[in-house]
file target_24.cif (mmCIF, C-alpha atoms and all ligand atoms)
data_start
#
loop_
_atom_site.label_atom_id
_atom_site.label_comp_id
_atom_site.auth_asym_id
_atom_site.auth_seq_id
_atom_site.Cartn_x
_atom_site.Cartn_y
_atom_site.Cartn_z
CA MET A 1 -25.09 -71.95 32.20
CA ILE A 2 -26.67 -68.56 31.56
CA ARG A 3 -23.31 -66.95 32.07
CA ILE A 4 -21.66 -69.30 29.58
CA LEU A 5 -24.34 -68.72 26.95
CA SER A 6 -24.05 -64.97 27.48
CA ALA A 7 -20.32 -65.18 26.95
CA VAL A 8 -20.79 -67.23 23.78
CA SER A 9 -23.45 -64.78 22.53
CA ALA A 10 -21.12 -61.87 23.19
CA VAL A 11 -18.45 -63.52 21.08
CA ILE A 12 -20.90 -64.25 18.25
CA PHE A 13 -22.47 -60.78 18.28
CA GLY A 14 -19.18 -59.04 18.98
CA ILE A 15 -17.74 -60.27 15.70
CA SER A 16 -20.29 -58.33 13.66
CA ALA A 17 -20.65 -55.23 15.86
CA ALA A 18 -17.57 -53.45 14.50
CA HIS A 19 -18.48 -54.05 10.87
CA ALA A 20 -18.46 -51.01 8.56
CA ALA A 21 -20.67 -51.05 5.51
CA SER A 22 -20.43 -49.25 2.21
CA VAL A 23 -23.07 -46.50 1.89
CA ASN A 24 -25.21 -46.32 -1.23
CA VAL A 25 -25.18 -42.80 -2.67
CA VAL A 26 -28.66 -42.21 -4.13
CA SER A 27 -27.58 -39.06 -5.95
CA TYR A 28 -25.02 -36.27 -5.97
CA ASP A 29 -25.16 -32.71 -7.29
CA VAL A 30 -22.07 -31.15 -8.85
CA ILE A 31 -21.08 -29.14 -11.90
CA ASN A 32 -19.85 -31.16 -14.84
CA GLY A 33 -16.13 -31.40 -15.54
CA TYR A 34 -14.26 -29.12 -17.93
CA ARG A 35 -12.66 -29.45 -21.37
CA GLY A 36 -8.89 -29.30 -21.71
CA GLY A 37 -6.72 -31.43 -23.99
CA PHE A 38 -9.54 -33.98 -23.58
CA ASP A 39 -13.04 -33.87 -22.10
CA TYR A 40 -12.93 -34.51 -18.37
CA PHE A 41 -16.70 -34.87 -18.02
CA ASP A 42 -18.91 -36.88 -15.68
CA ASP A 43 -19.54 -39.28 -18.54
CA THR A 44 -21.92 -41.71 -16.80
CA TYR A 45 -24.02 -39.11 -14.95
CA ASP A 46 -27.71 -40.07 -15.18
CA GLY A 47 -29.50 -37.10 -13.57
CA THR A 48 -30.57 -33.74 -14.98
CA GLY A 49 -28.14 -31.38 -16.69
CA ASP A 50 -26.05 -31.77 -19.86
CA ASN A 51 -22.97 -33.84 -19.08
CA THR A 52 -21.66 -33.42 -22.64
CA LEU A 53 -20.94 -29.71 -22.08
CA PRO A 54 -18.39 -28.25 -19.64
CA ALA A 55 -19.35 -26.89 -16.25
CA ARG A 56 -23.11 -27.53 -16.53
CA GLN A 57 -24.97 -28.03 -13.27
CA LEU A 58 -25.79 -31.71 -12.75
CA ARG A 59 -28.48 -32.74 -10.27
CA GLY A 60 -30.31 -35.79 -8.97
CA GLY A 61 -28.19 -38.54 -10.47
CA THR A 62 -25.05 -40.58 -10.01
CA GLY A 63 -22.10 -41.00 -12.31
CA ASP A 64 -18.32 -41.27 -12.51
CA LEU A 65 -17.83 -40.19 -8.89
CA THR A 66 -19.77 -43.12 -7.38
CA ASP A 67 -19.63 -45.85 -10.06
CA GLY A 68 -17.06 -47.93 -8.17
CA VAL A 69 -14.36 -47.26 -10.77
CA ILE A 70 -11.17 -45.83 -9.24
CA ALA A 71 -8.59 -44.55 -11.73
CA GLN A 72 -5.35 -46.47 -11.24
CA THR A 73 -3.13 -43.93 -13.00
CA GLY A 74 -2.80 -40.17 -13.24
CA TRP A 75 -5.05 -38.15 -15.53
CA ARG A 76 -2.74 -38.19 -18.58
CA ALA A 77 -2.62 -41.98 -18.88
CA ALA A 78 -6.24 -42.44 -17.80
CA GLU A 79 -7.85 -39.81 -20.03
CA SER A 80 -5.76 -39.95 -23.24
CA PRO A 81 -7.34 -43.13 -24.71
CA ALA A 82 -10.34 -42.44 -26.96
CA GLY A 83 -13.74 -42.37 -25.29
CA PRO A 84 -14.90 -41.59 -21.76
CA GLY A 85 -12.29 -41.50 -19.00
CA PRO A 86 -12.66 -42.37 -15.33
CA TYR A 87 -11.92 -38.90 -13.94
CA VAL A 88 -14.00 -35.78 -13.63
CA GLY A 89 -11.69 -32.77 -13.90
CA TRP A 90 -12.49 -29.17 -13.00
CA LEU A 91 -10.48 -26.04 -13.80
CA ARG A 92 -11.44 -24.33 -10.56
CA PRO A 93 -9.81 -23.48 -7.22
CA PHE A 94 -12.51 -25.51 -5.47
CA ILE A 95 -15.47 -27.74 -6.31
CA ASP A 96 -18.66 -28.24 -4.28
CA ILE A 97 -20.45 -31.59 -4.19
CA GLN A 98 -23.59 -32.59 -2.28
CA PHE A 99 -24.11 -36.30 -1.67
CA ASN A 100 -27.57 -37.65 -0.89
CA PHE A 101 -28.14 -41.05 0.81
CA GLY A 102 -31.94 -40.95 0.78
CA THR A 103 -32.17 -41.55 4.52
CA ASP A 104 -30.19 -40.74 7.66
CA VAL A 105 -26.97 -42.75 7.82
CA GLU A 106 -24.62 -43.18 10.82
CA LEU A 107 -21.48 -42.38 8.88
CA ALA A 108 -18.00 -43.71 9.64
CA SER A 109 -15.79 -42.21 6.93
CA MET A 110 -15.48 -40.68 3.49
CA THR A 111 -12.68 -41.47 1.05
CA VAL A 112 -11.88 -39.32 -1.99
CA TRP A 113 -9.79 -40.81 -4.81
CA TYR A 114 -8.04 -38.09 -6.80
CA ASP A 115 -5.08 -37.38 -9.05
CA ASP A 116 -1.81 -36.09 -7.62
CA SER A 117 0.06 -35.57 -10.90
CA GLU A 118 2.52 -33.18 -9.24
CA GLY A 119 1.44 -30.27 -11.42
CA ASP A 120 1.62 -32.12 -14.75
CA GLY A 121 -0.81 -30.21 -16.97
CA GLY A 122 -1.82 -28.16 -13.95
CA VAL A 123 -3.22 -31.17 -12.08
CA ASP A 124 -2.16 -31.60 -8.49
CA HIS A 125 -3.25 -32.95 -5.11
CA ILE A 126 -6.25 -31.85 -3.05
CA ARG A 127 -4.96 -29.54 -0.32
CA ALA A 128 -8.12 -29.14 1.77
CA VAL A 129 -11.62 -30.50 2.20
CA ASP A 130 -14.46 -28.60 3.85
CA VAL A 131 -17.27 -30.75 5.24
CA THR A 132 -20.30 -28.60 6.08
CA ASP A 133 -21.06 -28.63 9.84
CA LEU A 134 -17.84 -30.53 10.55
CA GLY A 135 -14.91 -28.36 9.54
CA ARG A 136 -11.87 -28.10 7.31
CA PHE A 137 -9.28 -30.84 6.80
CA LEU A 138 -5.84 -29.96 5.41
CA TYR A 139 -3.53 -32.21 3.40
CA ASP A 140 0.12 -32.18 2.41
CA ASP A 141 1.32 -33.29 -0.99
CA PRO A 142 1.36 -37.12 -0.90
CA ALA A 143 4.54 -38.88 -1.96
CA GLY A 144 4.65 -39.79 -5.63
CA SER A 145 2.93 -38.41 -8.71
CA THR A 146 -0.04 -40.60 -9.47
CA PHE A 147 -3.55 -41.30 -8.14
CA ALA A 148 -3.99 -40.98 -4.39
CA SER A 149 -6.72 -40.94 -1.77
CA LEU A 150 -7.66 -39.16 1.43
CA THR A 151 -10.00 -40.44 4.14
CA ILE A 152 -11.96 -38.28 6.58
CA ASP A 153 -13.30 -39.70 9.84
CA LEU A 154 -17.05 -39.00 9.98
CA THR A 155 -17.75 -40.85 13.24
CA GLY A 156 -20.79 -39.32 14.95
CA PHE A 157 -22.02 -37.66 11.74
CA ASN A 158 -25.58 -38.90 11.26
CA ARG A 159 -26.88 -37.44 8.00
CA SER A 160 -28.98 -38.02 4.89
CA THR A 161 -26.80 -35.58 2.93
CA VAL A 162 -23.16 -34.49 3.10
CA ASP A 163 -21.85 -31.28 1.52
CA ILE A 164 -18.16 -31.04 0.72
CA ARG A 165 -15.85 -28.49 -0.89
CA LEU A 166 -12.63 -29.85 -2.40
CA TRP A 167 -9.75 -27.38 -2.68
CA GLY A 168 -7.09 -27.98 -5.32
CA SER A 169 -3.48 -26.83 -5.19
CA ASN A 170 -3.06 -26.11 -8.92
CA PRO A 171 -5.62 -24.96 -11.50
CA TRP A 172 -7.11 -28.42 -12.04
CA ILE A 173 -8.80 -30.84 -9.62
CA PHE A 174 -9.27 -34.44 -10.80
CA VAL A 175 -11.43 -36.93 -8.89
CA SER A 176 -12.40 -40.46 -9.92
CA GLU A 177 -14.39 -41.73 -6.92
CA VAL A 178 -15.89 -40.77 -3.55
CA GLU A 179 -16.81 -43.55 -1.11
CA PHE A 180 -18.75 -43.39 2.16
CA GLU A 181 -18.70 -46.00 4.90
CA SER A 182 -21.32 -46.31 7.63
CA VAL A 183 -21.19 -47.66 11.16
CA ASP A 184 -23.26 -50.81 11.02
CA ALA A 185 -24.54 -50.52 14.60
CA ALA A 186 -27.19 -53.24 14.49
CA PRO A 187 -25.66 -56.50 15.78
CA VAL A 188 -26.34 -59.22 13.27
CA PRO A 189 -25.47 -62.83 14.18
CA VAL A 190 -22.83 -64.38 12.00
CA PRO A 191 -24.07 -67.90 11.10
CA ALA A 192 -20.58 -69.26 10.45
CA ALA A 193 -19.34 -68.17 13.88
CA ALA A 194 -22.44 -69.56 15.62
CA PHE A 195 -21.95 -72.86 13.84
CA LEU A 196 -18.31 -73.10 14.91
CA LEU A 197 -19.07 -72.29 18.54
CA ALA A 198 -22.20 -74.44 18.91
CA PRO A 199 -20.38 -77.76 19.62
CA ALA A 200 -18.47 -76.11 22.47
CA ILE A 201 -21.59 -75.18 24.45
CA PRO A 202 -22.49 -78.69 25.83
CA LEU A 203 -18.81 -79.23 26.62
CA LEU A 204 -18.63 -76.02 28.59
CA MET A 205 -21.82 -76.94 30.45
CA ARG A 206 -20.50 -80.40 31.46
CA ARG A 207 -17.26 -78.92 32.74
CA ARG A 208 -19.16 -76.44 34.84
CA LYS A 209 -21.33 -79.17 36.43
CA LYS A 210 -18.26 -81.20 37.49
CA ALA A 211 -16.71 -78.16 39.12
CA CA B 301 -15.49 -43.60 -10.42
CA CA B 302 -15.04 -38.90 -16.93
CA CA B 303 2.79 -35.78 -4.87
#

call {"tool": "encode", "arguments": {"input": "target_24.cif", "output": "structure tokens"}}
result
Amino acid sequence: MIRILSAVSAVIFGISAAHAASVNVVSYDVINGYRGGFDYFDDTYDGTGDNTLPARQLRGGTGDLTDGVIAQTGWRAAESPAGPGPYVGWLRPFIDIQFNFGTDVELASMTVWYDDSEGDGGVDHIRAVDVTDLGRFLYDDPAGSTFASLTIDLTGFNRSTVDIRLWGSNPWIFVSEVEFESVDAAPVPVPAAAFLLAPAIPLLMRRRKKA
């Protein structure tokens, strides 16, 4: 009976053990976007620094890069309508960003959503990402000429902050979102699974007694 219950528990707990959870970014530090044909600023940034002027240092807040909004087109279609656009765009060979989670997090991955407009207006794909204390990751030009994403495996990286450097392949770098996932190591019972398996336990016990 103990063995059966252990097996059932393993099934129940096993379902949740591999779960990855979205990580809440408490703040990120970056310089504001630049002005080109439009303003490619971090429009929703709520920390210190003037996000209505190009290239100002922004600290202690969150904004366009972690607001959950992922641009679904390239920069030209996304930024040409009047008002704030979903991208932050920098006229720089690289851009540094520090993300702060407020507490140590067992990280699983990071995904960067960016524009790969194939050089239109000088905007092109991200060709490399440096993650401090982890290394450099290189990327080819993705197929197509629209928004794209890259994901870096951060398994084993247990941190309260992550520093990255994004390298562009043309003068402009455009990013609309950066997401982190954590390894949710704590096994949490799943009520629905427990409920489904519960009726089977007496049945399994009776069968074992007969044998
Ligand atoms: Ca966003
Ligand atoms: Ca923006
Ligand atoms: Ca491409």

call {"tool": "closest_residue", "arguments": {"input": "target_24.cif", "among": "A:Val30, A:Leu65, A:Phe99, A:Asp50", "to": "ligand CA 301 (chain B)", "atoms": "only C-alpha atoms and all ligand atoms"}}
result
A:Leu65

call {"tool": "residues_near_ligand", "arguments": {"input": "target_24.cif", "ligand": "ligand CA 303 (chain B)", "cutoff": "8 Å", "atoms": "all atoms listed in the file", "output": "MDAnalysis selection string"}}
result
chainID A and resid 116:118 124:125 141:146

call {"tool": "residues_near_point", "arguments": {"input": "target_24.cif", "point": "(-26.7, -36.3, 15.1)", "cutoff": "12 Å", "atoms": "all atoms listed in the file", "output": "number ranges by chain"}}
result
A: 104-107, 133-134, 154-160

call {"tool": "closest_residue", "arguments": {"input": "target_24.cif", "among": "A:Phe101, A:Tyr45, A:Trp172, A:Phe147", "to": "ligand CA 302 (chain B)", "atoms": "only C-alpha atoms and all ligand atoms"}}
result
A:Tyr45

call {"tool": "residues_around", "arguments": {"input": "target_24.cif", "residues": "Val129 (chain A)", "least_positions_apart": "5", "cutoff": "12 Å", "atoms": "only C-alpha atoms", "output": "list in words"}}
result
Pro93, Phe94, Ile95, Asp96, Ile97, Met110, Thr111, Val112, Leu134, Gly135, Arg136, Phe137, Leu138, Tyr139, Asp140, Leu150, Thr151, Ile152, Asp163, Ile164, Arg165, Leu166, Trp167, Gly168 and Ser169 of chain A

call {"tool": "residues_near_ligand", "arguments": {"input": "target_24.cif", "ligand": "ligand CA 301 (chain B)", "cutoff": "8 Å", "atoms": "only C-alpha atoms and all ligand atoms", "output": "list of chain:residue names"}}
result
A:Gly63, A:Asp64, A:Leu65, A:Thr66, A:Asp67, A:Gly68, A:Val69, A:Ile70, A:Ala71, A:Pro86, A:Tyr87, A:Val175, A:Ser176, A:Glu177, A:Val178

call {"tool": "write_last_selection", "arguments": {"input": "target_24.cif", "atoms": "C-alpha atoms", "output": "short mmCIF file (atom, residue, chain, number, x, y, z; two decimals), keeping the file's coordinate frame"}}
result
data_model
loop_
_atom_site.label_atom_id
_atom_site.label_comp_id
_atom_site.auth_asym_id
_atom_site.auth_seq_id
_atom_site.Cartn_x
_atom_site.Cartn_y
_atom_site.Cartn_z
CA GLY A 63 -22.10 -41.00 -12.31
CA ASP A 64 -18.32 -41.27 -12.51
CA LEU A 65 -17.83 -40.19 -8.89
CA THR A 66 -19.77 -43.12 -7.38
CA ASP A 67 -19.63 -45.85 -10.06
CA GLY A 68 -17.06 -47.93 -8.17
CA VAL A 69 -14.36 -47.26 -10.77
CA ILE A 70 -11.17 -45.83 -9.24
CA ALA A 71 -8.59 -44.55 -11.73
CA PRO A 86 -12.66 -42.37 -15.33
CA TYR A 87 -11.92 -38.90 -13.94
CA VAL A 175 -11.43 -36.93 -8.89
CA SER A 176 -12.40 -40.46 -9.92
CA GLU A 177 -14.39 -41.73 -6.92
CA VAL A 178 -15.89 -40.77 -3.55
#

call {"tool": "closest_atom_pairs", "arguments": {"input": "target_24.cif", "of": "chain A", "to": "ligand CA 302 (chain B)", "cutoff": "7 Å", "atoms": "only C-alpha atoms and all ligand atoms", "output": "JSON lines"}}
result
{"residue": "A:Tyr40", "atom": "CA", "partner": "B:CA302", "partner_atom": "CA", "distance": 5.1}
{"residue": "A:Phe41", "atom": "CA", "partner": "B:CA302", "partner_atom": "CA", "distance": 4.5}
{"residue": "A:Asp42", "atom": "CA", "partner": "B:CA302", "partner_atom": "CA", "distance": 4.5}
{"residue": "A:Asp43", "atom": "CA", "partner": "B:CA302", "partner_atom": "CA", "distance": 4.8}
{"residue": "A:Asp64", "atom": "CA", "partner": "B:CA302", "partner_atom": "CA", "distance": 6.0}
{"residue": "A:Pro84", "atom": "CA", "partner": "B:CA302", "partner_atom": "CA", "distance": 5.5}
{"residue": "A:Gly85", "atom": "CA", "partner": "B:CA302", "partner_atom": "CA", "distance": 4.3}
{"residue": "A:Pro86", "atom": "CA", "partner": "B:CA302", "partner_atom": "CA", "distance": 4.5}
{"residue": "A:Tyr87", "atom": "CA", "partner": "B:CA302", "partner_atom": "CA", "distance": 4.3}
{"residue": "A:Val88", "atom": "CA", "partner": "B:CA302", "partner_atom": "CA", "distance": 4.7}

call {"tool": "write_last_selection", "arguments": {"input": "target_24.cif", "atoms": "C-alpha atoms", "output": "PDB file, in the coordinates of the input"}}
result
ATOM      1  CA  TYR A  40     -12.930 -34.510 -18.370  1.00  0.00           C
ATOM      2  CA  PHE A  41     -16.700 -34.870 -18.020  1.00  0.00           C
ATOM      3  CA  ASP A  42     -18.910 -36.880 -15.680  1.00  0.00           C
ATOM      4  CA  ASP A  43     -19.540 -39.280 -18.540  1.00  0.00           C
ATOM      5  CA  ASP A  64     -18.320 -41.270 -12.510  1.00  0.00           C
ATOM      6  CA  PRO A  84     -14.900 -41.590 -21.760  1.00  0.00           C
ATOM      7  CA  GLY A  85     -12.290 -41.500 -19.000  1.00  0.00           C
ATOM      8  CA  PRO A  86     -12.660 -42.370 -15.330  1.00  0.00           C
ATOM      9  CA  TYR A  87     -11.920 -38.900 -13.940  1.00  0.00           C
ATOM     10  CA  VAL A  88     -14.000 -35.780 -13.630  1.00  0.00           C
TER      11      VAL A  88
END

call {"tool": "closest_residue", "arguments": {"input": "target_24.cif", "among": "A:Glu79, A:Glu179, A:Asp29, A:Asp115", "to": "Thr48 (chain A)", "atoms": "all atoms listed in the file"}}
result
A:Asp29

call {"tool": "atom_distance", "arguments": {"input": "target_24.cif", "atom1": "CA of Gly102 (chain A)", "atom2": "CA of Ser182 (chain A)"}}
result
13.7 Å

call {"tool": "residues_around", "arguments": {"input": "target_24.cif", "residues": "Val183 (chain A)", "least_positions_apart": "2", "cutoff": "8 Å", "atoms": "all atoms listed in the file", "output": "PyMOL selection string"}}
result
chain A and resi 18-21+106-108+155+181+185
